[in-house]
>>> print(open('query_30.pdb').read())   # PDB, C-alpha atoms
ATOM      1  CA  MET A 685     -33.949  10.005  11.856
ATOM      2  CA  ASP A 686     -31.614   9.903  14.829
ATOM      3  CA  LEU A 687     -29.282   6.962  14.205
ATOM      4  CA  LEU A 688     -28.996   6.023  17.868
ATOM      5  CA  GLU A 689     -32.784   5.780  18.069
ATOM      6  CA  LYS A 690     -32.929   3.873  14.790
ATOM      7  CA  TYR A 691     -30.600   1.178  16.119
ATOM      8  CA  SER A 692     -31.856   1.400  19.729
ATOM      9  CA  TYR A 693     -28.314   1.982  20.929
ATOM     10  CA  LYS A 694     -27.087   4.094  23.803
ATOM     11  CA  PRO A 695     -23.444   3.923  24.930
ATOM     12  CA  SER A 696     -23.548   3.192  28.637
ATOM     13  CA  GLY A 697     -21.091   1.928  31.207
ATOM     14  CA  ILE A 698     -18.264   2.137  28.689
ATOM     15  CA  ASP A 699     -15.569   2.966  31.230
ATOM     16  CA  LYS A 700     -16.574   0.007  33.418
ATOM     17  CA  LYS A 701     -16.683  -2.324  30.411
ATOM     18  CA  VAL A 702     -13.171  -1.306  29.381
ATOM     19  CA  ALA A 703     -11.995  -1.747  32.966
ATOM     20  CA  ALA A 704     -13.374  -5.299  32.909
ATOM     21  CA  VAL A 705     -11.345  -6.082  29.778
ATOM     22  CA  ARG A 706      -8.237  -4.684  31.462
ATOM     23  CA  ASP A 707      -8.920  -6.835  34.538
ATOM     24  CA  GLY A 708      -9.064  -9.918  32.344
ATOM     25  CA  ILE A 709      -6.167  -8.979  30.072
ATOM     26  CA  ALA A 710      -4.232 -12.131  30.943
ATOM     27  CA  ALA A 711      -6.522 -14.048  28.579
ATOM     28  CA  TRP A 712      -5.122 -12.123  25.615
ATOM     29  CA  LYS A 713      -1.587 -11.409  26.795
ATOM     30  CA  ASN A 714       0.149 -14.319  25.136
ATOM     31  CA  LYS A 715       2.145 -15.337  22.084
ATOM     32  CA  ASN A 716      -0.830 -16.813  20.235
ATOM     33  CA  VAL A 717      -2.590 -13.452  20.261
ATOM     34  CA  TRP A 718       0.574 -11.536  19.354
ATOM     35  CA  ARG A 719       1.199 -13.889  16.431
ATOM     36  CA  ASP A 720      -2.378 -13.377  15.221
ATOM     37  CA  VAL A 721      -2.130  -9.597  15.515
ATOM     38  CA  LEU A 722       1.131  -9.578  13.563
ATOM     39  CA  GLY A 723      -0.854 -10.834  10.587
ATOM     40  CA  MET A 724      -3.534  -8.157  11.071
ATOM     41  CA  ILE A 725      -1.210  -5.151  10.872
ATOM     42  CA  ASP A 726      -1.477  -2.506   8.178
ATOM     43  CA  LEU A 727       2.244  -1.739   8.137
ATOM     44  CA  THR A 728       2.205   2.017   7.810
ATOM     45  CA  SER A 729       4.469   4.808   6.634
ATOM     46  CA  LEU A 730       2.821   8.221   6.457
ATOM     47  CA  THR A 731       5.543  10.813   6.917
ATOM     48  CA  VAL A 732       6.592  13.928   5.057
ATOM     49  CA  SER A 733       9.878  12.219   4.191
ATOM     50  CA  ASP A 734       8.327   9.200   2.432
ATOM     51  CA  THR A 735       9.906   8.606  -0.975
ATOM     52  CA  PRO A 736       9.529   5.877  -3.600
ATOM     53  CA  THR A 737      12.931   4.544  -2.548
ATOM     54  CA  LYS A 738      11.929   4.341   1.123
ATOM     55  CA  ILE A 739       8.575   2.702   0.404
ATOM     56  CA  ALA A 740      10.105   0.220  -2.054
ATOM     57  CA  ALA A 741      12.603  -0.800   0.625
ATOM     58  CA  MET A 742       9.795  -1.294   3.156
ATOM     59  CA  THR A 743       7.935  -3.440   0.637
ATOM     60  CA  GLU A 744      11.050  -5.549   0.045
ATOM     61  CA  LYS A 745      11.233  -6.221   3.786
ATOM     62  CA  VAL A 746       7.659  -7.500   3.668
ATOM     63  CA  ASN A 747       8.520  -9.638   0.635
ATOM     64  CA  ALA A 748      11.387 -11.239   2.549
ATOM     65  CA  PHE A 749       9.575 -11.540   5.872
ATOM     66  CA  ASN A 750       8.445 -15.179   5.752
ATOM     67  CA  GLY A 751      11.896 -16.330   4.700
ATOM     68  CA  ILE A 752      13.471 -14.635   7.703
ATOM     69  CA  PHE A 753      10.669 -15.285  10.215
ATOM     70  CA  PRO A 754       9.116 -18.614   9.197
ATOM     71  CA  GLY A 755       6.019 -19.525  11.127
ATOM     72  CA  TYR A 756       4.873 -15.948  11.629
ATOM     73  CA  PRO A 757       2.251 -14.286   9.399
ATOM     74  CA  ALA A 758       3.355 -11.317   7.315
ATOM     75  CA  PRO A 759       1.520  -8.005   7.776
ATOM     76  CA  ALA A 760      -1.925  -7.863   6.185
ATOM     77  CA  SER A 761      -1.169  -4.773   4.134
ATOM     78  CA  ILE A 762       1.239  -1.942   3.452
ATOM     79  CA  CYS A 763      -0.345   1.471   4.072
ATOM     80  CA  VAL A 764       1.024   4.533   2.257
ATOM     81  CA  TYR A 765       0.049   7.870   0.781
ATOM     82  CA  PRO A 766      -1.982   7.531  -2.440
ATOM     83  CA  ASN A 767       0.829   8.687  -4.737
ATOM     84  CA  LEU A 768       2.968   5.805  -3.459
ATOM     85  CA  ALA A 769       0.486   2.992  -4.059
ATOM     86  CA  LYS A 770       2.102   2.220  -7.413
ATOM     87  CA  THR A 771       5.507   1.938  -5.743
ATOM     88  CA  VAL A 772       4.155  -0.801  -3.484
ATOM     89  CA  ALA A 773       2.333  -2.469  -6.384
ATOM     90  CA  ASP A 774       5.512  -2.572  -8.461
ATOM     91  CA  ALA A 775       7.650  -3.960  -5.618
ATOM     92  CA  ARG A 776       5.146  -6.333  -3.990
ATOM     93  CA  GLU A 777       5.727 -10.019  -4.744
ATOM     94  CA  SER A 778       2.502 -11.466  -3.308
ATOM     95  CA  LYS A 779      -1.033 -10.166  -3.720
ATOM     96  CA  ALA A 780      -1.777 -11.693  -0.330
ATOM     97  CA  ILE A 781      -0.218  -8.458   0.964
ATOM     98  CA  HIS A 782      -2.839  -5.805   0.374
ATOM     99  CA  ILE A 783      -2.081  -2.227  -0.619
ATOM    100  CA  THR A 784      -3.779   0.367   1.550
ATOM    101  CA  ALA A 785      -3.755   4.000   0.467
ATOM    102  CA  VAL A 786      -4.956   6.868   2.607
ATOM    103  CA  GLY A 787      -7.059   9.228   0.533
ATOM    104  CA  GLY A 788      -9.832  11.766   0.468
ATOM    105  CA  GLY A 789      -7.719  14.663   1.709
ATOM    106  CA  PHE A 790      -6.067  12.677   4.514
ATOM    107  CA  PRO A 791      -5.608  13.477   7.368
ATOM    108  CA  ALA A 792      -8.089  16.357   7.782
ATOM    109  CA  SER A 793     -10.555  15.598   4.969
ATOM    110  CA  GLN A 794     -10.533  19.303   4.209
ATOM    111  CA  THR A 795     -10.766  19.573   0.454
ATOM    112  CA  PHE A 796     -13.397  19.464  -2.273
ATOM    113  CA  PRO A 797     -15.521  16.290  -2.422
ATOM    114  CA  SER A 798     -14.684  15.885  -6.103
ATOM    115  CA  VAL A 799     -10.974  15.983  -5.269
ATOM    116  CA  LYS A 800     -11.484  13.324  -2.578
ATOM    117  CA  VAL A 801     -13.165  11.010  -5.078
ATOM    118  CA  ALA A 802     -10.529  11.628  -7.756
ATOM    119  CA  GLU A 803      -7.652  10.970  -5.347
ATOM    120  CA  CYS A 804      -9.121   7.671  -4.170
ATOM    121  CA  VAL A 805      -9.873   6.524  -7.720
ATOM    122  CA  ALA A 806      -6.327   7.360  -8.809
ATOM    123  CA  ALA A 807      -4.905   5.290  -5.940
ATOM    124  CA  VAL A 808      -7.036   2.284  -6.900
ATOM    125  CA  LYS A 809      -5.966   2.592 -10.523
ATOM    126  CA  ASP A 810      -2.372   2.555  -9.258
ATOM    127  CA  GLY A 811      -2.920  -0.710  -7.420
ATOM    128  CA  ALA A 812      -4.479   0.073  -4.035
ATOM    129  CA  ASP A 813      -7.113  -2.466  -3.037
ATOM    130  CA  GLU A 814      -7.960  -0.756   0.257
ATOM    131  CA  ILE A 815      -8.672   2.935   0.773
ATOM    132  CA  ASP A 816      -8.655   4.660   4.178
ATOM    133  CA  ILE A 817     -10.514   7.979   4.297
ATOM    134  CA  VAL A 818     -11.366  10.362   7.121
ATOM    135  CA  LEU A 819     -14.929  11.196   8.084
ATOM    136  CA  ALA A 820     -15.745  14.731   6.922
ATOM    137  CA  HIS A 821     -15.855  16.547  10.270
ATOM    138  CA  ASN A 822     -16.517  19.826   8.466
ATOM    139  CA  SER A 823     -20.034  18.559   7.715
ATOM    140  CA  PHE A 824     -20.511  16.010  10.507
ATOM    141  CA  CYS A 825     -19.766  18.469  13.313
ATOM    142  CA  ASP A 826     -22.183  20.938  11.700
ATOM    143  CA  GLY A 827     -24.916  18.338  11.827
ATOM    144  CA  ARG A 828     -25.042  17.956   8.044
ATOM    145  CA  TYR A 829     -25.099  14.198   8.200
ATOM    146  CA  ASP A 830     -26.505  13.746   4.694
ATOM    147  CA  ASP A 831     -23.490  15.561   3.245
ATOM    148  CA  THR A 832     -21.124  13.461   5.352
ATOM    149  CA  SER A 833     -22.793  10.254   4.238
ATOM    150  CA  LYS A 834     -22.832  11.263   0.579
ATOM    151  CA  GLU A 835     -19.062  11.806   0.539
ATOM    152  CA  ILE A 836     -18.502   8.294   1.853
ATOM    153  CA  SER A 837     -20.971   6.651  -0.512
ATOM    154  CA  ASP A 838     -19.649   8.607  -3.511
ATOM    155  CA  ILE A 839     -16.097   7.462  -2.782
ATOM    156  CA  LYS A 840     -17.211   3.866  -2.230
ATOM    157  CA  GLN A 841     -19.151   3.753  -5.497
ATOM    158  CA  ALA A 842     -16.269   5.316  -7.401
ATOM    159  CA  ILE A 843     -13.570   2.952  -6.142
ATOM    160  CA  VAL A 844     -15.589  -0.237  -6.610
ATOM    161  CA  SER A 845     -16.390   0.867 -10.154
ATOM    162  CA  VAL A 846     -12.635   0.636 -10.819
ATOM    163  CA  ASN A 847     -12.072  -2.550  -8.794
ATOM    164  CA  PRO A 848     -15.167  -4.231  -7.326
ATOM    165  CA  GLY A 849     -13.079  -5.867  -4.606
ATOM    166  CA  THR A 850     -11.775  -2.623  -3.135
ATOM    167  CA  HIS A 851     -12.450  -2.139   0.565
ATOM    168  CA  LEU A 852     -13.174   1.242   2.127
ATOM    169  CA  LYS A 853     -12.124   2.035   5.691
ATOM    170  CA  VAL A 854     -13.602   5.175   7.254
ATOM    171  CA  ILE A 855     -11.542   6.859   9.975
ATOM    172  CA  LEU A 856     -13.832   8.504  12.514
ATOM    173  CA  GLU A 857     -11.053  10.530  14.197
ATOM    174  CA  THR A 858     -12.703   9.837  17.525
ATOM    175  CA  GLY A 859     -10.321  12.131  19.395
ATOM    176  CA  ALA A 860     -12.039  15.079  17.720
ATOM    177  CA  LEU A 861     -15.557  13.933  18.646
ATOM    178  CA  ALA A 862     -17.137  15.340  21.776
ATOM    179  CA  SER A 863     -18.965  12.321  23.178
ATOM    180  CA  TYR A 864     -19.550   8.592  22.986
ATOM    181  CA  GLU A 865     -22.876   9.435  21.356
ATOM    182  CA  ASP A 866     -21.068  11.289  18.573
ATOM    183  CA  MET A 867     -18.739   8.311  18.097
ATOM    184  CA  ALA A 868     -21.723   5.992  17.838
ATOM    185  CA  THR A 869     -23.558   8.261  15.400
ATOM    186  CA  ALA A 870     -20.445   8.492  13.234
ATOM    187  CA  SER A 871     -20.062   4.700  13.352
ATOM    188  CA  PHE A 872     -23.614   4.016  12.183
ATOM    189  CA  LEU A 873     -23.439   6.752   9.548
ATOM    190  CA  ALA A 874     -20.221   5.375   8.065
ATOM    191  CA  MET A 875     -21.492   1.811   8.022
ATOM    192  CA  GLU A 876     -24.771   2.791   6.380
ATOM    193  CA  ALA A 877     -22.829   4.760   3.741
ATOM    194  CA  GLY A 878     -20.808   1.699   2.738
ATOM    195  CA  ALA A 879     -17.761   1.465   5.000
ATOM    196  CA  ASP A 880     -16.231  -2.003   5.018
ATOM    197  CA  PHE A 881     -14.257  -1.065   8.148
ATOM    198  CA  ILE A 882     -14.527   1.717  10.672
ATOM    199  CA  LYS A 883     -11.257   2.978  12.094
ATOM    200  CA  THR A 884     -10.532   5.004  15.209
ATOM    201  CA  SER A 885      -7.926   7.579  14.300
ATOM    202  CA  THR A 886      -5.355   9.018  11.926
ATOM    203  CA  GLY A 887      -2.661   9.373  14.570
ATOM    204  CA  LYS A 888      -2.206  12.945  13.359
ATOM    205  CA  ILE A 889      -4.013  14.814  16.164
ATOM    206  CA  GLY A 890      -3.421  15.054  19.907
ATOM    207  CA  VAL A 891      -5.861  12.301  20.915
ATOM    208  CA  SER A 892      -5.496   9.055  19.014
ATOM    209  CA  ALA A 893      -7.132   5.673  19.611
ATOM    210  CA  THR A 894      -8.594   5.025  23.052
ATOM    211  CA  PRO A 895      -9.992   1.746  24.406
ATOM    212  CA  GLU A 896     -13.243   3.532  25.235
ATOM    213  CA  ALA A 897     -13.747   4.708  21.646
ATOM    214  CA  ALA A 898     -12.893   1.212  20.434
ATOM    215  CA  TYR A 899     -15.489  -0.315  22.744
ATOM    216  CA  VAL A 900     -18.222   2.030  21.520
ATOM    217  CA  MET A 901     -17.357   1.371  17.889
ATOM    218  CA  CYS A 902     -17.331  -2.395  18.387
ATOM    219  CA  GLU A 903     -20.713  -2.261  20.119
ATOM    220  CA  CYS A 904     -22.057  -0.319  17.126
ATOM    221  CA  ILE A 905     -20.622  -2.895  14.709
ATOM    222  CA  LYS A 906     -22.389  -5.628  16.698
ATOM    223  CA  VAL A 907     -25.716  -3.778  16.730
ATOM    224  CA  TYR A 908     -25.427  -3.022  13.007
ATOM    225  CA  PHE A 909     -24.698  -6.676  12.237
ATOM    226  CA  GLU A 910     -27.684  -7.811  14.289
ATOM    227  CA  ALA A 911     -29.905  -5.338  12.411
ATOM    228  CA  THR A 912     -28.613  -5.891   8.883
ATOM    229  CA  GLY A 913     -26.603  -9.115   8.733
ATOM    230  CA  ILE A 914     -23.649  -7.106   7.393
ATOM    231  CA  LYS A 915     -20.266  -7.666   9.031
ATOM    232  CA  VAL A 916     -18.188  -4.485   9.184
ATOM    233  CA  GLY A 917     -14.551  -4.648  10.207
ATOM    234  CA  PHE A 918     -12.778  -2.681  12.915
ATOM    235  CA  LYS A 919      -9.375  -0.997  12.817
ATOM    236  CA  PRO A 920      -7.793   0.622  15.862
ATOM    237  CA  ALA A 921      -4.983   2.981  14.877
ATOM    238  CA  GLY A 922      -3.036   5.921  16.199
ATOM    239  CA  GLY A 923      -0.675   5.612  19.144
ATOM    240  CA  ILE A 924      -1.002   1.821  19.219
ATOM    241  CA  ALA A 925       2.484   0.347  19.359
ATOM    242  CA  THR A 926       3.140  -2.237  22.079
ATOM    243  CA  ALA A 927       2.311  -5.899  22.594
ATOM    244  CA  ASP A 928       0.173  -4.814  25.556
ATOM    245  CA  ASP A 929      -1.761  -2.472  23.233
ATOM    246  CA  ALA A 930      -2.311  -5.380  20.869
ATOM    247  CA  SER A 931      -3.658  -7.539  23.693
ATOM    248  CA  LEU A 932      -6.017  -4.842  24.957
ATOM    249  CA  TYR A 933      -7.628  -4.000  21.615
ATOM    250  CA  TYR A 934      -7.763  -7.664  20.583
ATOM    251  CA  GLY A 935      -9.468  -8.333  23.915
ATOM    252  CA  ILE A 936     -12.061  -5.623  23.298
ATOM    253  CA  VAL A 937     -12.927  -7.091  19.905
ATOM    254  CA  ASP A 938     -13.077 -10.619  21.318
ATOM    255  CA  THR A 939     -15.297  -9.465  24.206
ATOM    256  CA  VAL A 940     -17.774  -7.439  22.145
ATOM    257  CA  LEU A 941     -17.789  -9.108  18.735
ATOM    258  CA  GLY A 942     -16.430 -12.571  19.395
ATOM    259  CA  ARG A 943     -14.079 -14.887  17.569
ATOM    260  CA  GLU A 944     -15.756 -14.373  14.189
ATOM    261  CA  TRP A 945     -14.074 -10.957  14.043
ATOM    262  CA  LEU A 946     -10.609 -12.166  15.043
ATOM    263  CA  ASN A 947      -9.168 -12.419  11.551
ATOM    264  CA  LYS A 948      -7.540  -9.992   9.133
ATOM    265  CA  GLY A 949     -10.705  -9.826   7.055
ATOM    266  CA  LEU A 950     -12.491  -8.047   9.903
ATOM    267  CA  LEU A 951      -9.763  -6.784  12.257
ATOM    268  CA  ARG A 952      -6.773  -4.648  11.372
ATOM    269  CA  PHE A 953      -4.277  -2.669  13.409
ATOM    270  CA  GLY A 954      -2.886   0.561  11.973
ATOM    271  CA  ALA A 955       0.709   0.632  13.144
ATOM    272  CA  SER A 956       4.196   1.637  12.154
ATOM    273  CA  ARG A 957       6.004   0.423  15.296
ATOM    274  CA  MET A 958       3.864  -2.464  16.497
ATOM    275  CA  ALA A 959       5.337  -5.078  14.129
ATOM    276  CA  ASN A 960       8.831  -4.779  15.629
ATOM    277  CA  ASN A 961       7.444  -4.749  19.166
ATOM    278  CA  LEU A 962       5.373  -7.873  18.547
ATOM    279  CA  LEU A 963       8.343  -9.629  16.983
ATOM    280  CA  SER A 964      10.407  -8.691  20.038
ATOM    281  CA  ALA A 965       7.739 -10.104  22.367
ATOM    282  CA  LEU A 966       7.482 -13.299  20.319
ATOM    283  CA  GLU A 967      11.237 -13.800  20.033
ATOM    284  CA  GLY A 968      12.048 -12.786  23.588
ATOM    285  CA  LYS A 969      14.658 -10.306  22.407
ATOM    286  CA  GLU A 970      14.735  -6.914  20.718
ATOM    287  CA  VAL A 971      13.930  -7.127  17.011
ATOM    288  CA  LYS A 972      14.262  -4.169  14.663
ATOM    289  CA  TYR A 973      13.329  -5.637  11.324
ATOM    290  CA  PHE A 974      10.900  -3.102   9.870
TER     291      PHE A 974
END
>>> encode(input="query_30.pdb", output="structure tokens")
Amino acid sequence: MDLLEKYSYKPSGIDKKVAAVRDGIAAWKNKNVWRDVLGMIDLTSLTVSDTPTKIAAMTEKVNAFNGIFPGYPAPASICVYPNLAKTVADARESKAIHITAVGGGFPASQTFPSVKVAECVAAVKDGADEIDIVLAHNSFCDGRYDDTSKEISDIKQAIVSVNPGTHLKVILETGALASYEDMATASFLAMEAGADFIKTSTGKIGVSATPEAAYVMCECIKVYFEATGIKVGFKPAGGIATADDASLYYGIVDTVLGREWLNKGLLRFGASRMANNLLSALEGKEVKYF
């Protein structure tokens, strides 16, 4: 069955809706919002030069954060490649800081399904309590939605069998999807397959997160919640770095989903640079802590 028909959803007027959020951005362009977003960040390092030493040092900065910046929330999680999850687990002082590992053949999701499952399971065994995977475009873009869904559900079942509390975030890579309808179909498919969050982008292709994609995804989350009673989280990521970016995406979530979603349990920001920029905006001076 067509998922857009199933949920009676058609993306319409998206550009105008985003423009309306931009027009009202003053409501979210303030220190209270920036402080909130600081505590919703998945502090991310996903580079070819990542080493255990580098990631341990990043984790130590998170450990020390509240002592240096009292009154501000620490990042929600530290996001790394799956082979570095244990490094974070060994260095992390508080389990309030989650460990996010990208897996499943990140960033292209171009490997064998069995390898995707094994990689995610290994990361959870090493301490990851959140797994970010990429939607399998090799099947989705061919219209083989059952295969796409099965990969997600297989990974979800495998990781919760190791740790029942593990959350799965599914990256739609919206910049590689041809239309708002495709973004909506991917959103519903991922949520039905067991995604705890849906995420915009990897940041590894030319087009990363866009406000329009975020708006469509948030509308789908709302429709899915109204149909099922299940709250799915949202994570914008990829090219999001400034305090203004934080205000815009926070505003979209507030507008579409409301205040119930404005917490780190249901809203995350995938960012490597945003934490310093938010700290700079909050402190009124340049801060280069992370």
>>> resolve_selection(input="query_30.pdb", expression="the PyMOL selection byres ((chain A and resi 844) around 12)", output="NGL selection string")
:A and (801 or 804-805 or 808-809 or 812-815 or 837-843 or 845-852 or 878-880)
>>> atom_distance(input="query_30.pdb", atom1="atom CA of A:Ile889", atom2="atom CA of A:Ala769")
23.9 Å
>>> resolve_selection(input="query_30.pdb", expression="the PyMOL selection byres ((chain A and resi 779-794) around 6)", output="list in words")
Ala760, Ser761, Ile762, Cys763, Val764, Tyr765, Pro766, Ser778, Thr795, Lys800, Cys804, Ala812, Asp813, Glu814, Ile815, Asp816, Ile817, Val818 and Ala820 of chain A
>>> resolve_selection(input="query_30.pdb", expression="the PyMOL selection byres ((chain A and resi 727) around 9)", output="count of residues only")
18
>>> residues_near_point(input="query_30.pdb", point="(2.3, -13.6, 17.9)", cutoff="10 Å", atoms="all atoms listed in the file", output="NGL selection string")
:A and (713-723 or 755-757 or 927 or 930 or 959 or 962-967)
>>> write_last_selection(input="query_30.pdb", atoms="C-alpha atoms", output="compact mmCIF listing (two decimals), in the frame of the given file")
# COMPACT_ATOMS: atom_id res chain seq x y z
CA LYS A 713 -1.59 -11.41 26.80
CA ASN A 714 0.15 -14.32 25.14
CA LYS A 715 2.14 -15.34 22.08
CA ASN A 716 -0.83 -16.81 20.24
CA VAL A 717 -2.59 -13.45 20.26
CA TRP A 718 0.57 -11.54 19.35
CA ARG A 719 1.20 -13.89 16.43
CA ASP A 720 -2.38 -13.38 15.22
CA VAL A 721 -2.13 -9.60 15.52
CA LEU A 722 1.13 -9.58 13.56
CA GLY A 723 -0.85 -10.83 10.59
CA GLY A 755 6.02 -19.52 11.13
CA TYR A 756 4.87 -15.95 11.63
CA PRO A 757 2.25 -14.29 9.40
CA ALA A 927 2.31 -5.90 22.59
CA ALA A 930 -2.31 -5.38 20.87
CA ALA A 959 5.34 -5.08 14.13
CA LEU A 962 5.37 -7.87 18.55
CA LEU A 963 8.34 -9.63 16.98
CA SER A 964 10.41 -8.69 20.04
CA ALA A 965 7.74 -10.10 22.37
CA LEU A 966 7.48 -13.30 20.32
CA GLU A 967 11.24 -13.80 20.03
>>> closest_residue(input="query_30.pdb", among="A:Lys972, A:Leu951, A:Pro736, A:Met867", to="A:Leu688", atoms="all atoms listed in the file")
A:Met867
>>> atom_distance(input="query_30.pdb", atom1="atom CA of A:Ser833", atom2="atom CA of A:Ile855")
13.1 Å
>>> residues_around(input="query_30.pdb", residues="A:Arg952", least_positions_apart="3", cutoff="6 Å", atoms="all atoms listed in the file", output="list in words")
Met724, Ile725, Lys919 and Lys948 of chain A
>>> write_last_selection(input="query_30.pdb", atoms="C-alpha atoms", output="PDB file, keeping the file's coordinate frame")
ATOM      1  CA  MET A 724      -3.534  -8.157  11.071  1.00  0.00           C
ATOM      2  CA  ILE A 725      -1.210  -5.151  10.872  1.00  0.00           C
ATOM      3  CA  LYS A 919      -9.375  -0.997  12.817  1.00  0.00           C
ATOM      4  CA  LYS A 948      -7.540  -9.992   9.133  1.00  0.00           C
TER       5      LYS A 948
END
>>> closest_residue(input="query_30.pdb", among="A:Ser931, A:Thr737, A:Ser823, A:Thr894", to="A:Arg706", atoms="all atoms listed in the file")
A:Ser931
>>> axis_aligned_box(input="query_30.pdb", around="stretch 890-901 of chain A", padding_each_side="8 Å", output="JSON")
{"center_x": -10.8, "center_y": 7.4, "center_z": 21.6, "size_x": 30.8, "size_y": 31.4, "size_z": 23.3}
>>> closest_residue(input="query_30.pdb", among="A:Glu865, A:Glu777, A:Asp707, A:Asp686", to="A:Gly935", atoms="all atoms listed in the file")
A:Asp707
>>> atom_distance(input="query_30.pdb", atom1="atom CA of A:Leu950", atom2="atom CA of A:Tyr933")
13.3 Å
>>> closest_residue(input="query_30.pdb", among="A:Cys904, A:Ser798, A:Arg943, A:Asp929", to="A:Ile709", atoms="all atoms listed in the file")
A:Asp929
>>> closest_residue(input="query_30.pdb", among="A:Ala802, A:Ile739, A:Leu730, A:Ile752", to="A:Val971", atoms="only C-alpha atoms")
A:Ile752
>>> residues_around(input="query_30.pdb", residues="A:Ala898", least_positions_apart="4", cutoff="7 Å", atoms="all atoms listed in the file", output="PyMOL selection string")
chain A and resi 884+894+902+920
>>> write_last_selection(input="query_30.pdb", atoms="C-alpha atoms", output="compact mmCIF listing (two decimals), keeping the file's coordinate frame")
# COMPACT_ATOMS: atom_id res chain seq x y z
CA THR A 884 -10.53 5.00 15.21
CA THR A 894 -8.59 5.03 23.05
CA CYS A 902 -17.33 -2.40 18.39
CA PRO A 920 -7.79 0.62 15.86
>>> closest_residue(input="query_30.pdb", among="A:Phe824, A:Lys883, A:Ala874, A:Gly949", to="A:Ala921", atoms="all atoms listed in the file")
A:Lys883
>>> decode(input="query_30.pdb", residues="stretch 722-750 of chain A", atoms="C-alpha atoms", output="compact mmCIF listing (two decimals), in the first residue's frame")
# COMPACT_ATOMS: atom_id res chain seq x y z
CA LEU A 722 23.25 22.91 23.49
CA GLY A 723 21.88 20.02 25.53
CA MET A 724 20.37 18.37 22.43
CA ILE A 725 23.59 18.13 20.43
CA ASP A 726 25.11 14.84 19.34
CA LEU A 727 28.69 16.09 19.48
CA THR A 728 30.14 14.50 16.39
CA SER A 729 33.51 13.49 15.01
CA LEU A 730 33.37 11.46 11.80
CA THR A 731 36.61 12.08 9.93
CA VAL A 732 39.22 9.88 8.33
CA SER A 733 41.74 11.12 10.90
CA ASP A 734 39.75 10.05 13.98
CA THR A 735 41.90 8.05 16.40
CA PRO A 736 41.31 6.64 19.89
CA THR A 737 43.52 9.41 21.27
CA LYS A 738 41.51 12.14 19.53
CA ILE A 739 38.15 10.71 20.57
CA ALA A 740 39.28 10.15 24.17
CA ALA A 741 40.34 13.79 24.33
CA MET A 742 36.95 14.92 23.00
CA THR A 743 35.24 12.77 25.62
CA GLU A 744 37.38 14.31 28.36
CA LYS A 745 36.22 17.76 27.25
CA VAL A 746 32.62 16.61 27.65
CA ASN A 747 33.46 15.17 31.08
CA ALA A 748 34.85 18.53 32.18
CA PHE A 749 32.19 20.67 30.52
CA ASN A 750 29.87 21.36 33.47
